[in-house]
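Asker: My file is upload-v9.cif. It has mmCIF, C-alpha atoms and all ligand atoms:
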```cif
data_coords
loop_
_atom_site.group_PDB
_atom_site.id
_atom_site.type_symbol
_atom_site.label_atom_id
_atom_site.label_comp_id
_atom_site.auth_asym_id
_atom_site.auth_seq_id
_atom_site.Cartn_x
_atom_site.Cartn_y
_atom_site.Cartn_z
ATOM 1 C CA MET A 1 2.614 -17.782 -34.280
ATOM 2 C CA SER A 2 -0.586 -16.720 -35.965
ATOM 3 C CA ASP A 3 -0.819 -13.128 -37.157
ATOM 4 C CA THR A 4 -4.547 -13.074 -36.454
ATOM 5 C CA ALA A 5 -5.718 -11.413 -33.239
ATOM 6 C CA ILE A 6 -9.461 -11.880 -33.738
ATOM 7 C CA ARG A 7 -11.358 -14.278 -35.968
ATOM 8 C CA VAL A 8 -15.145 -14.215 -36.050
ATOM 9 C CA GLU A 9 -17.244 -16.497 -38.259
ATOM 10 C CA GLY A 10 -21.022 -16.535 -38.436
ATOM 11 C CA LEU A 11 -21.519 -14.816 -35.077
ATOM 12 C CA THR A 12 -25.176 -14.633 -34.093
ATOM 13 C CA LYS A 13 -26.912 -13.101 -31.099
ATOM 14 C CA ARG A 14 -30.531 -12.501 -30.179
ATOM 15 C CA PHE A 15 -32.191 -10.750 -27.279
ATOM 16 C CA GLY A 16 -35.519 -12.539 -26.756
ATOM 17 C CA ASP A 17 -37.237 -12.545 -30.132
ATOM 18 C CA VAL A 18 -35.017 -9.862 -31.582
ATOM 19 C CA LYS A 19 -32.079 -11.063 -33.656
ATOM 20 C CA VAL A 20 -29.299 -8.485 -33.336
ATOM 21 C CA LEU A 21 -26.303 -10.186 -34.984
ATOM 22 C CA HIS A 22 -27.156 -12.176 -38.096
ATOM 23 C CA GLY A 23 -23.841 -13.842 -38.872
ATOM 24 C CA VAL A 24 -20.924 -11.488 -38.394
ATOM 25 C CA ASP A 25 -17.637 -12.415 -40.109
ATOM 26 C CA LEU A 26 -14.532 -10.433 -39.220
ATOM 27 C CA THR A 27 -10.779 -10.849 -39.000
ATOM 28 C CA VAL A 28 -8.504 -8.471 -37.111
ATOM 29 C CA HIS A 29 -4.758 -8.821 -37.695
ATOM 30 C CA LYS A 30 -2.255 -8.546 -34.880
ATOM 31 C CA GLY A 31 -1.037 -4.968 -34.481
ATOM 32 C CA GLU A 32 -3.740 -3.376 -36.600
ATOM 33 C CA THR A 33 -6.280 -0.766 -35.556
ATOM 34 C CA LEU A 34 -9.748 -1.597 -36.818
ATOM 35 C CA ALA A 35 -12.615 0.891 -36.510
ATOM 36 C CA VAL A 36 -16.152 -0.476 -36.447
ATOM 37 C CA LEU A 37 -18.784 1.901 -37.756
ATOM 38 C CA GLY A 38 -22.539 1.516 -37.948
ATOM 39 C CA PRO A 39 -25.800 3.254 -37.127
ATOM 40 C CA ASN A 40 -27.300 3.291 -33.602
ATOM 41 C CA GLY A 41 -28.589 -0.161 -32.724
ATOM 42 C CA ALA A 42 -26.560 -1.917 -35.461
ATOM 43 C CA GLY A 43 -25.062 -4.341 -32.937
ATOM 44 C CA LYS A 44 -21.567 -2.899 -32.491
ATOM 45 C CA THR A 45 -21.586 -2.909 -28.685
ATOM 46 C CA THR A 46 -23.177 -6.354 -28.603
ATOM 47 C CA ALA A 47 -20.423 -7.713 -30.858
ATOM 48 C CA VAL A 48 -17.641 -6.052 -28.852
ATOM 49 C CA GLU A 49 -19.069 -7.412 -25.582
ATOM 50 C CA ILE A 50 -18.994 -10.931 -26.999
ATOM 51 C CA LEU A 51 -15.418 -10.556 -28.299
ATOM 52 C CA ALA A 52 -14.282 -9.092 -24.973
ATOM 53 C CA GLY A 53 -15.765 -12.023 -23.059
ATOM 54 C CA LEU A 54 -18.435 -9.881 -21.420
ATOM 55 C CA GLY A 55 -21.485 -11.548 -22.919
ATOM 56 C CA PRO A 56 -22.631 -14.886 -24.321
ATOM 57 C CA ARG A 57 -23.323 -15.535 -28.001
ATOM 58 C CA ASP A 58 -25.916 -17.754 -29.599
ATOM 59 C CA GLY A 59 -23.904 -19.108 -32.529
ATOM 60 C CA GLY A 60 -20.755 -18.839 -34.587
ATOM 61 C CA GLU A 61 -17.056 -19.276 -34.013
ATOM 62 C CA VAL A 62 -15.053 -16.671 -32.130
ATOM 63 C CA SER A 63 -11.325 -16.763 -31.435
ATOM 64 C CA VAL A 64 -9.623 -13.866 -29.660
ATOM 65 C CA LEU A 65 -5.857 -14.171 -29.090
ATOM 66 C CA GLY A 66 -6.317 -17.844 -29.894
ATOM 67 C CA VAL A 67 -8.955 -18.392 -27.210
ATOM 68 C CA ASP A 68 -12.755 -18.591 -27.217
ATOM 69 C CA PRO A 69 -13.726 -15.585 -25.041
ATOM 70 C CA ALA A 70 -16.770 -17.468 -23.719
ATOM 71 C CA LYS A 71 -14.369 -19.924 -22.084
ATOM 72 C CA ALA A 72 -11.486 -17.606 -21.309
ATOM 73 C CA GLY A 73 -9.889 -17.379 -17.911
ATOM 74 C CA ARG A 74 -7.857 -14.903 -15.911
ATOM 75 C CA ALA A 75 -4.646 -15.215 -17.927
ATOM 76 C CA TRP A 76 -6.515 -14.252 -21.123
ATOM 77 C CA ARG A 77 -8.280 -11.341 -19.366
ATOM 78 C CA ALA A 78 -4.910 -9.912 -18.330
ATOM 79 C CA ARG A 79 -3.948 -9.710 -22.050
ATOM 80 C CA VAL A 80 -7.092 -7.812 -23.036
ATOM 81 C CA GLY A 81 -8.073 -4.221 -22.190
ATOM 82 C CA VAL A 82 -11.698 -3.144 -22.346
ATOM 83 C CA VAL A 83 -13.312 0.293 -22.357
ATOM 84 C CA MET A 84 -17.070 -0.077 -22.703
ATOM 85 C CA GLN A 85 -19.703 2.662 -22.766
ATOM 86 C CA SER A 86 -20.641 2.623 -19.077
ATOM 87 C CA ALA A 87 -18.491 5.106 -17.179
ATOM 88 C CA SER A 88 -16.402 4.014 -14.213
ATOM 89 C CA ASP A 89 -18.385 3.749 -10.999
ATOM 90 C CA LEU A 90 -15.695 3.734 -8.318
ATOM 91 C CA ALA A 91 -16.895 7.243 -7.614
ATOM 92 C CA THR A 92 -15.644 7.574 -4.018
ATOM 93 C CA LEU A 93 -11.986 6.828 -4.838
ATOM 94 C CA THR A 94 -9.641 9.415 -6.290
ATOM 95 C CA VAL A 95 -8.329 9.073 -9.847
ATOM 96 C CA ALA A 96 -4.904 7.940 -8.592
ATOM 97 C CA GLU A 97 -6.411 5.427 -6.133
ATOM 98 C CA THR A 98 -8.676 3.987 -8.825
ATOM 99 C CA VAL A 99 -5.864 3.546 -11.358
ATOM 100 C CA ARG A 100 -3.508 2.054 -8.724
ATOM 101 C CA HIS A 101 -6.283 -0.272 -7.552
ATOM 102 C CA PHE A 102 -6.772 -1.629 -11.068
ATOM 103 C CA ALA A 103 -3.026 -1.891 -11.672
ATOM 104 C CA GLY A 104 -3.017 -4.442 -8.840
ATOM 105 C CA TYR A 105 -5.092 -6.859 -10.926
ATOM 106 C CA TYR A 106 -2.436 -7.287 -13.622
ATOM 107 C CA PRO A 107 0.845 -9.178 -13.707
ATOM 108 C CA ASP A 108 2.783 -6.462 -15.573
ATOM 109 C CA PRO A 109 0.892 -3.167 -15.260
ATOM 110 C CA ARG A 110 2.016 0.178 -16.633
ATOM 111 C CA ASP A 111 3.083 2.848 -14.187
ATOM 112 C CA PRO A 112 -0.165 4.421 -12.827
ATOM 113 C CA ALA A 113 1.293 7.964 -12.829
ATOM 114 C CA GLU A 114 2.351 7.589 -16.480
ATOM 115 C CA VAL A 115 -1.083 6.339 -17.469
ATOM 116 C CA ILE A 116 -2.787 9.214 -15.634
ATOM 117 C CA GLU A 117 -0.466 11.617 -17.477
ATOM 118 C CA ALA A 118 -1.165 9.907 -20.831
ATOM 119 C CA VAL A 119 -4.924 10.455 -20.460
ATOM 120 C CA GLY A 120 -4.390 14.050 -19.316
ATOM 121 C CA LEU A 121 -5.600 13.698 -15.746
ATOM 122 C CA THR A 122 -2.435 14.507 -13.773
ATOM 123 C CA GLU A 123 -3.849 17.713 -12.362
ATOM 124 C CA HIS A 124 -7.005 15.844 -11.291
ATOM 125 C CA ALA A 125 -5.206 12.782 -9.887
ATOM 126 C CA ARG A 126 -6.245 13.553 -6.310
ATOM 127 C CA ARG A 127 -9.870 14.317 -7.082
ATOM 128 C CA ARG A 128 -12.647 11.791 -6.476
ATOM 129 C CA VAL A 129 -13.820 10.172 -9.714
ATOM 130 C CA GLY A 130 -17.423 11.031 -8.796
ATOM 131 C CA LYS A 131 -16.568 14.745 -8.859
ATOM 132 C CA LEU A 132 -15.139 14.709 -12.386
ATOM 133 C CA SER A 133 -16.951 15.875 -15.506
ATOM 134 C CA GLY A 134 -18.341 13.298 -17.947
ATOM 135 C CA GLY A 135 -15.398 13.640 -20.336
ATOM 136 C CA GLN A 136 -12.888 13.416 -17.474
ATOM 137 C CA ARG A 137 -14.557 10.240 -16.173
ATOM 138 C CA ARG A 138 -14.351 8.808 -19.668
ATOM 139 C CA ARG A 139 -10.593 9.414 -19.536
ATOM 140 C CA VAL A 140 -10.490 7.398 -16.311
ATOM 141 C CA ASP A 141 -12.193 4.555 -18.217
ATOM 142 C CA VAL A 142 -9.489 4.754 -20.871
ATOM 143 C CA ALA A 143 -6.786 4.736 -18.174
ATOM 144 C CA LEU A 144 -8.281 1.575 -16.676
ATOM 145 C CA GLY A 145 -8.445 -0.024 -20.118
ATOM 146 C CA ILE A 146 -4.716 0.392 -20.740
ATOM 147 C CA ILE A 147 -3.235 0.058 -17.229
ATOM 148 C CA GLY A 148 -2.724 -3.708 -17.645
ATOM 149 C CA ARG A 149 -0.539 -3.243 -20.762
ATOM 150 C CA PRO A 150 -3.025 -5.150 -22.964
ATOM 151 C CA GLU A 151 -1.989 -6.853 -26.225
ATOM 152 C CA LEU A 152 -5.489 -6.206 -27.478
ATOM 153 C CA LEU A 153 -7.629 -3.212 -26.612
ATOM 154 C CA PHE A 154 -11.394 -2.904 -27.137
ATOM 155 C CA LEU A 155 -12.710 0.661 -27.103
ATOM 156 C CA ASP A 156 -16.460 1.205 -27.397
ATOM 157 C CA GLU A 157 -17.058 4.826 -28.414
ATOM 158 C CA PRO A 158 -14.045 5.935 -26.388
ATOM 159 C CA THR A 159 -14.134 9.666 -27.128
ATOM 160 C CA THR A 160 -17.821 10.387 -26.626
ATOM 161 C CA GLY A 161 -17.968 13.503 -24.451
ATOM 162 C CA PHE A 162 -14.350 14.515 -25.139
ATOM 163 C CA ASP A 163 -13.598 18.109 -26.033
ATOM 164 C CA PRO A 164 -11.605 18.517 -29.282
ATOM 165 C CA GLU A 165 -8.274 18.891 -27.468
ATOM 166 C CA ALA A 166 -8.894 15.783 -25.350
ATOM 167 C CA ARG A 167 -9.822 13.878 -28.510
ATOM 168 C CA GLN A 168 -6.580 14.896 -30.237
ATOM 169 C CA ARG A 169 -4.660 13.835 -27.134
ATOM 170 C CA PHE A 170 -6.497 10.512 -27.063
ATOM 171 C CA TRP A 171 -5.624 9.944 -30.733
ATOM 172 C CA GLU A 172 -1.966 10.505 -29.899
ATOM 173 C CA LEU A 173 -2.250 7.939 -27.114
ATOM 174 C CA ILE A 174 -3.854 5.403 -29.454
ATOM 175 C CA ARG A 175 -1.096 5.967 -32.028
ATOM 176 C CA LEU A 176 1.468 5.424 -29.285
ATOM 177 C CA LEU A 177 -0.163 2.163 -28.168
ATOM 178 C CA SER A 178 -0.480 1.072 -31.785
ATOM 179 C CA GLY A 179 3.189 1.894 -32.331
ATOM 180 C CA GLU A 180 4.027 -0.410 -29.438
ATOM 181 C CA GLY A 181 2.214 -3.214 -31.286
ATOM 182 C CA THR A 182 -1.144 -3.155 -29.484
ATOM 183 C CA THR A 183 -4.047 -4.482 -31.546
ATOM 184 C CA ILE A 184 -6.977 -2.088 -31.251
ATOM 185 C CA LEU A 185 -10.641 -2.529 -32.096
ATOM 186 C CA LEU A 186 -12.694 0.597 -31.600
ATOM 187 C CA THR A 187 -16.261 1.568 -32.345
ATOM 188 C CA THR A 188 -16.989 5.179 -33.142
ATOM 189 C CA HIS A 189 -19.562 7.502 -34.625
ATOM 190 C CA TYR A 190 -16.842 10.026 -35.471
ATOM 191 C CA LEU A 191 -15.797 9.168 -38.990
ATOM 192 C CA GLY A 192 -12.856 11.537 -38.696
ATOM 193 C CA GLU A 193 -11.681 9.402 -35.777
ATOM 194 C CA ALA A 194 -11.840 6.264 -37.912
ATOM 195 C CA GLU A 195 -10.009 8.062 -40.729
ATOM 196 C CA ALA A 196 -7.351 9.351 -38.330
ATOM 197 C CA LEU A 197 -6.660 6.100 -36.493
ATOM 198 C CA ALA A 198 -7.780 3.010 -38.338
ATOM 199 C CA ASP A 199 -5.756 0.787 -40.652
ATOM 200 C CA ARG A 200 -9.065 -0.720 -41.752
ATOM 201 C CA VAL A 201 -12.712 0.104 -41.227
ATOM 202 C CA ALA A 202 -15.625 -2.338 -40.858
ATOM 203 C CA VAL A 203 -19.203 -1.192 -41.337
ATOM 204 C CA ILE A 204 -21.860 -3.113 -39.415
ATOM 205 C CA ALA A 205 -25.455 -2.586 -40.473
ATOM 206 C CA SER A 206 -28.484 -4.704 -39.704
ATOM 207 C CA GLY A 207 -26.412 -7.239 -37.805
ATOM 208 C CA VAL A 208 -23.870 -8.125 -40.509
ATOM 209 C CA VAL A 209 -20.545 -6.689 -41.689
ATOM 210 C CA GLU A 210 -21.533 -4.789 -44.824
ATOM 211 C CA ALA A 211 -18.040 -3.769 -45.826
ATOM 212 C CA VAL A 212 -14.486 -3.964 -44.550
ATOM 213 C CA GLY A 213 -11.295 -2.468 -45.912
ATOM 214 C CA THR A 214 -8.980 0.509 -45.832
ATOM 215 C CA VAL A 215 -10.587 3.906 -46.323
ATOM 216 C CA GLY A 216 -9.122 3.892 -49.858
ATOM 217 C CA GLU A 217 -10.642 0.481 -50.607
ATOM 218 C CA LEU A 218 -14.077 1.518 -49.347
ATOM 219 C CA ARG A 219 -13.842 4.678 -51.409
ATOM 220 C CA ALA A 220 -12.869 2.707 -54.524
ATOM 221 C CA ALA A 221 -15.749 0.263 -53.944
ATOM 222 C CA ALA A 222 -18.116 3.237 -53.804
ATOM 223 C CA GLY A 223 -16.913 4.382 -57.242
ATOM 224 C CA ASP A 224 -14.350 6.992 -56.179
ATOM 225 C CA LEU A 225 -16.082 9.735 -58.119
ATOM 226 C CA VAL A 226 -14.392 13.069 -57.503
ATOM 227 C CA GLU A 227 -16.686 16.054 -57.208
ATOM 228 C CA VAL A 228 -15.562 19.026 -59.303
ATOM 229 C CA THR A 229 -17.507 22.249 -58.834
ATOM 230 C CA TRP A 230 -16.856 25.662 -60.367
ATOM 231 C CA ARG A 231 -18.759 28.914 -60.693
ATOM 232 C CA ASP A 232 -20.865 27.741 -63.599
ATOM 233 C CA GLY A 233 -21.317 24.035 -62.928
ATOM 234 C CA ALA A 234 -20.633 20.796 -61.067
ATOM 235 C CA GLU A 235 -19.687 17.294 -62.193
ATOM 236 C CA ARG A 236 -18.722 13.960 -60.615
ATOM 237 C CA THR A 237 -15.943 12.211 -62.486
ATOM 238 C CA GLU A 238 -13.340 9.473 -62.245
ATOM 239 C CA GLU A 239 -10.943 11.697 -64.231
ATOM 240 C CA PRO A 240 -10.827 15.072 -62.475
ATOM 241 C CA THR A 241 -7.534 16.135 -64.097
ATOM 242 C CA ALA A 242 -8.975 15.748 -67.586
ATOM 243 C CA LEU A 243 -12.059 17.739 -66.613
ATOM 244 C CA VAL A 244 -10.056 20.542 -64.990
ATOM 245 C CA THR A 245 -7.744 20.711 -68.036
ATOM 246 C CA LYS A 246 -10.792 21.046 -70.261
ATOM 247 C CA LEU A 247 -12.265 23.744 -68.026
ATOM 248 C CA ALA A 248 -8.970 25.660 -67.930
ATOM 249 C CA ALA A 249 -8.875 25.664 -71.733
ATOM 250 C CA HIS A 250 -12.510 26.813 -71.814
ATOM 251 C CA TYR A 251 -11.879 29.746 -69.443
ATOM 252 C CA GLY A 252 -8.469 30.514 -70.950
ATOM 253 C CA GLY A 253 -6.648 30.074 -67.592
ATOM 254 C CA GLU A 254 -7.986 30.216 -64.015
ATOM 255 C CA VAL A 255 -11.284 28.347 -63.578
ATOM 256 C CA PRO A 256 -13.552 30.626 -61.499
ATOM 257 C CA GLY A 257 -14.624 29.169 -58.104
ATOM 258 C CA LEU A 258 -12.880 25.819 -58.748
ATOM 259 C CA ASN A 259 -13.195 23.164 -56.032
ATOM 260 C CA VAL A 260 -12.079 19.540 -56.410
ATOM 261 C CA ARG A 261 -13.131 17.155 -53.659
ATOM 262 C CA ARG A 262 -12.574 13.436 -53.239
ATOM 263 C CA PRO A 263 -15.343 11.670 -51.231
ATOM 264 C CA SER A 264 -14.573 11.536 -47.503
ATOM 265 C CA LEU A 265 -15.145 8.412 -45.437
ATOM 266 C CA GLU A 266 -18.303 10.156 -44.262
ATOM 267 C CA ASP A 267 -19.609 10.455 -47.847
ATOM 268 C CA VAL A 268 -18.799 6.799 -48.560
ATOM 269 C CA TYR A 269 -20.328 5.626 -45.267
ATOM 270 C CA LEU A 270 -23.540 7.612 -45.672
ATOM 271 C CA ALA A 271 -23.982 6.327 -49.235
ATOM 272 C CA MET A 272 -23.493 2.754 -47.976
ATOM 273 C CA ILE A 273 -25.997 3.147 -45.134
ATOM 274 C CA LYS A 274 -28.516 4.827 -47.462
ATOM 275 C CA GLU A 275 -28.360 1.817 -49.799
ATOM 276 C CA GLN A 276 -29.272 -0.326 -46.799
ATOM 277 C CA ASN A 277 -32.476 1.564 -46.004
HETATM 278 N N1 LIG B 1 -29.460 -6.412 -22.934
HETATM 279 C C1 LIG B 1 -30.245 -6.203 -23.974
HETATM 280 N N2 LIG B 1 -31.525 -6.640 -23.990
HETATM 281 C C2 LIG B 1 -32.324 -6.446 -25.045
HETATM 282 N N3 LIG B 1 -31.936 -5.814 -26.173
HETATM 283 C C3 LIG B 1 -30.687 -5.353 -26.227
HETATM 284 C C4 LIG B 1 -29.778 -5.515 -25.137
HETATM 285 N N4 LIG B 1 -28.594 -4.960 -25.472
HETATM 286 C C5 LIG B 1 -28.770 -4.448 -26.728
HETATM 287 N N5 LIG B 1 -30.010 -4.690 -27.181
HETATM 288 C C6 LIG B 1 -30.555 -4.323 -28.507
HETATM 289 O O1 LIG B 1 -29.664 -4.810 -29.479
HETATM 290 C C7 LIG B 1 -29.548 -3.913 -30.584
HETATM 291 C C8 LIG B 1 -28.074 -3.605 -30.814
HETATM 292 O O2 LIG B 1 -27.590 -2.821 -29.723
HETATM 293 P P1 LIG B 1 -26.071 -2.377 -29.612
HETATM 294 O O3 LIG B 1 -25.943 -1.638 -28.337
HETATM 295 O O4 LIG B 1 -25.200 -3.543 -29.851
HETATM 296 O O5 LIG B 1 -25.960 -1.382 -30.856
HETATM 297 P P2 LIG B 1 -24.802 -0.359 -31.227
HETATM 298 O O6 LIG B 1 -24.491 -0.620 -32.665
HETATM 299 O O7 LIG B 1 -23.700 -0.441 -30.264
HETATM 300 O O8 LIG B 1 -25.560 1.025 -31.087
HETATM 301 P P3 LIG B 1 -25.068 2.497 -30.625
HETATM 302 O O9 LIG B 1 -24.353 3.066 -31.792
HETATM 303 O O10 LIG B 1 -26.352 3.205 -30.368
HETATM 304 O O11 LIG B 1 -24.212 2.346 -29.406
HETATM 305 C C9 LIG B 1 -30.397 -2.704 -30.225
HETATM 306 O O12 LIG B 1 -31.627 -2.818 -30.894
HETATM 307 C C10 LIG B 1 -30.584 -2.824 -28.724
HETATM 308 O O13 LIG B 1 -31.812 -2.274 -28.346
#
```
I need this file expressed as C-alpha cells, please.
Ligand SMILES: Nc1ncnc2c1ncn2[C@@H]1O[C@H](COP(=O)(O)OP(=O)(O)OP(=O)(O)O)[C@@H](O)[C@H]1O

Answerer:
Amino acid sequence: MSDTAIRVEGLTKRFGDVKVLHGVDLTVHKGETLAVLGPNGAGKTTAVEILAGLGPRDGGEVSVLGVDPAKAGRAWRARVGVVMQSASDLATLTVAETVRHFAGYYPDPRDPAEVIEAVGLTEHARRRVGKLSGGQRRRVDVALGIIGRPELLFLDEPTTGFDPEARQRFWELIRLLSGEGTTILLTTHYLGEAEALADRVAVIASGVVEAVGTVGELRAAAGDLVEVTWRDGAERTEEPTALVTKLAAHYGGEVPGLNVRRPSLEDVYLAMIKEQN
C-alpha cells in the first residue's frame, strides 16, 4: 500500500478572471499532520475545498487516498472528515441530536457521547446548536468532522474563536487522533498551533507552495541565525555559544541582560512572506 495520503501536482484554479492557484504541488504522507500557512486570500481554503471534494479545479493532478476527489463517491467520503470555515447550520437541533444525526451517515462512526466529550461539549449536549456561542458552535463542527472515524481529516482554521483552554483541549484531541494514525491537514493563522501540532508545515503564498518542511528545516532554510542580545549590544549569529563565551570573558563572568533566542516559526514565516511582497 502507498504511504501517500495526498498527492497534488500542478493544481490550478481560477474564479472568473482571477487566478487563485497557480500550480500547487504538495505531498502529504499517511499518518502525518501537515499545517498549511499563508496570508489571507492566499488560496488555502480553495485548495482544501478541492482536496476534500467540495469544489472543482481547473487543472492539475489530485489524488486523495488514491482517488481523484472530483470523481469520488460515497465510500471515499466516509473515509474523509471535513471541517470548513462555515459554522454548522443545524441550529434547531441540540448538540447531541446533531452529532447522532451525522453519525448515522457513516458505516463505523465513533460513539456520539465520546465525541461530544472530546470536544468539551458534554454539559451543553442538550442545548440547541443555534443557542451556542461562536466558539462552542465551532466545536460542534469539529465533532461532526471526526464522528465518522475518518482516515484523513481536513481542518480549515479549526480553532478560530476558541478560548485558550478550548484550543489546548483541541490540540490534545488532534494529538489523540494523530496517535491513532489519522492523517491531518489543517490550515491555521496561529503559528503556535502549527508548531504545536504539525510534523511538517507548508506555506502557500500567491497561489503556490513557497516552502514545505519541518519547522527545523524551514528555520535552517531561513539561515537559522540566533539572536543574542545583552545590555550593551545585539548580534545575530550562527554560533551563539562562541559569542556568549566571548562575552563572558569580556565581562569576567555573568553577561548583563543576556538573552539568546532562536527564530520562532513566526519569525521565519514573516521573513518568508516579506520576501514575497
Ligand atoms: N467563490 C469564489 N468566487 C470568487 N472568488 C473567490 C471565491 N472563493 C474564493 N475566492 C477568492 O480566492 C482567493 C483565495 O481565497 P481563499 O479563501 O482560498 O484564501 P485563504 O488563503 O483561505 O484566505 P483566508 O486566510 O483569509 O481564509 C481570494 O482572493 C478570494 O477572494

Asker: Residues within 9 Å of ligand LIG 1 (chain B) (only C-alpha atoms and all ligand atoms), as an MDAnalysis selection string?

Answerer: chainID A and resid 13:16 18:21 37:49 85 156:157 187:189 204:207

Asker: Can you pull out every residue within 10 Å of Arg262 of chain A, counting all atoms listed in the file, but drop anything in the same chain fewer than 3 positions away, and send it as a PyMOL selection string?

Answerer: chain A and resi 219+224-228+236-238+240+265+267

Asker: Could you save the residues just selected, with C-alpha atoms, as a short mmCIF file (atom, residue, chain, number, x, y, z; two decimals), in the coordinates of the input?

Answerer:
```
data_model
loop_
_atom_site.label_atom_id
_atom_site.label_comp_id
_atom_site.auth_asym_id
_atom_site.auth_seq_id
_atom_site.Cartn_x
_atom_site.Cartn_y
_atom_site.Cartn_z
CA ARG A 219 -13.84 4.68 -51.41
CA ASP A 224 -14.35 6.99 -56.18
CA LEU A 225 -16.08 9.74 -58.12
CA VAL A 226 -14.39 13.07 -57.50
CA GLU A 227 -16.69 16.05 -57.21
CA VAL A 228 -15.56 19.03 -59.30
CA ARG A 236 -18.72 13.96 -60.62
CA THR A 237 -15.94 12.21 -62.49
CA GLU A 238 -13.34 9.47 -62.24
CA PRO A 240 -10.83 15.07 -62.48
CA LEU A 265 -15.14 8.41 -45.44
CA ASP A 267 -19.61 10.46 -47.85
#
```

Asker: Using only C-alpha atoms, which of the listed residues (A:Tyr269, A:Trp230, A:Phe170, A:Tyr190) sits closest to Glu117 of chain A?

Answerer: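 Of A:Tyr269, A:Trp230, A:Phe170, A:Tyr190, the one nearest Glu117 of chain A is A:Phe170, counting only C-alpha atoms.
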
Asker: For a test of reading the model, state the distance in Å between atom CA of Leu93 of chain A and atom CA of Gly120 of chain A, rounded to one decimal.

Answerer: 17.9 Å

Asker: Taking (-11.2, 11.2, -6.5) in the file's coordinates as the center, which residues reach within 12 Å of it, counting all atoms listed in the file, put as a PyMOL selection string?

Answerer: chain A and resi 88-99+121-133+136-137+140

Asker: On this structure, the PyMOL selection byres (((chain A and resi 199-202) around 12) and not hetatm) would catch which residues? List them as a CSV table (one decimal) with C-alpha atoms, in the frame of the given file, sorted by chain and number.

Answerer:
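Output file expr-v5.csv follows:
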```
chain,number,residue,atom,x,y,z
A,24,VAL,CA,-20.9,-11.5,-38.4
A,25,ASP,CA,-17.6,-12.4,-40.1
A,26,LEU,CA,-14.5,-10.4,-39.2
A,27,THR,CA,-10.8,-10.8,-39.0
A,28,VAL,CA,-8.5,-8.5,-37.1
A,29,HIS,CA,-4.8,-8.8,-37.7
A,30,LYS,CA,-2.3,-8.5,-34.9
A,31,GLY,CA,-1.0,-5.0,-34.5
A,32,GLU,CA,-3.7,-3.4,-36.6
A,33,THR,CA,-6.3,-0.8,-35.6
A,34,LEU,CA,-9.7,-1.6,-36.8
A,35,ALA,CA,-12.6,0.9,-36.5
A,36,VAL,CA,-16.2,-0.5,-36.4
A,37,LEU,CA,-18.8,1.9,-37.8
A,38,GLY,CA,-22.5,1.5,-37.9
A,44,LYS,CA,-21.6,-2.9,-32.5
A,175,ARG,CA,-1.1,6.0,-32.0
A,178,SER,CA,-0.5,1.1,-31.8
A,183,THR,CA,-4.0,-4.5,-31.5
A,184,ILE,CA,-7.0,-2.1,-31.3
A,185,LEU,CA,-10.6,-2.5,-32.1
A,186,LEU,CA,-12.7,0.6,-31.6
A,187,THR,CA,-16.3,1.6,-32.3
A,188,THR,CA,-17.0,5.2,-33.1
A,191,LEU,CA,-15.8,9.2,-39.0
A,192,GLY,CA,-12.9,11.5,-38.7
A,193,GLU,CA,-11.7,9.4,-35.8
A,194,ALA,CA,-11.8,6.3,-37.9
A,195,GLU,CA,-10.0,8.1,-40.7
A,196,ALA,CA,-7.4,9.4,-38.3
A,197,LEU,CA,-6.7,6.1,-36.5
A,198,ALA,CA,-7.8,3.0,-38.3
A,203,VAL,CA,-19.2,-1.2,-41.3
A,204,ILE,CA,-21.9,-3.1,-39.4
A,205,ALA,CA,-25.5,-2.6,-40.5
A,208,VAL,CA,-23.9,-8.1,-40.5
A,209,VAL,CA,-20.5,-6.7,-41.7
A,210,GLU,CA,-21.5,-4.8,-44.8
A,211,ALA,CA,-18.0,-3.8,-45.8
A,212,VAL,CA,-14.5,-4.0,-44.6
A,213,GLY,CA,-11.3,-2.5,-45.9
A,214,THR,CA,-9.0,0.5,-45.8
A,215,VAL,CA,-10.6,3.9,-46.3
A,216,GLY,CA,-9.1,3.9,-49.9
A,217,GLU,CA,-10.6,0.5,-50.6
A,218,LEU,CA,-14.1,1.5,-49.3
A,219,ARG,CA,-13.8,4.7,-51.4
A,265,LEU,CA,-15.1,8.4,-45.4
A,266,GLU,CA,-18.3,10.2,-44.3
A,268,VAL,CA,-18.8,6.8,-48.6
A,269,TYR,CA,-20.3,5.6,-45.3
A,272,MET,CA,-23.5,2.8,-48.0
```

Asker: What gap, in Å, lies between atom CA of Arg57 of chain A and atom CA of Ile146 of chain A?

Answerer: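 Atom CA of Ile146 of chain A lies 25.5 Å from atom CA of Arg57 of chain A.
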
Asker: Between A:Asp17, A:Ala118, A:Val64, A:Leu11, which is the closest to Glu172 of chain A once you count all atoms listed in the file?

Answerer: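 Between A:Asp17, A:Ala118, A:Val64, A:Leu11, the residue approaching Glu172 of chain A most closely is A:Ala118.
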
Asker: Return as JSON, numbers by chain the set of residues that the PyMOL selection byres (((chain A and resi 60) around 6) and not hetatm) yields on the displayed structure.

Answerer: {"A": [9, 10, 11, 59, 61]}

Asker: Hey, could you pull the box centre and edge lengths for segment 144-148 of chain A, axis-aligned, 5 Å padding per side, all listed atoms, to one decimal in Å, as AutoDock Vina command-line options?

Answerer:
```
--center_x -5.6 --center_y -1.1 --center_z -18.7 --size_x 15.7 --size_y 15.3 --size_z 14.1
```
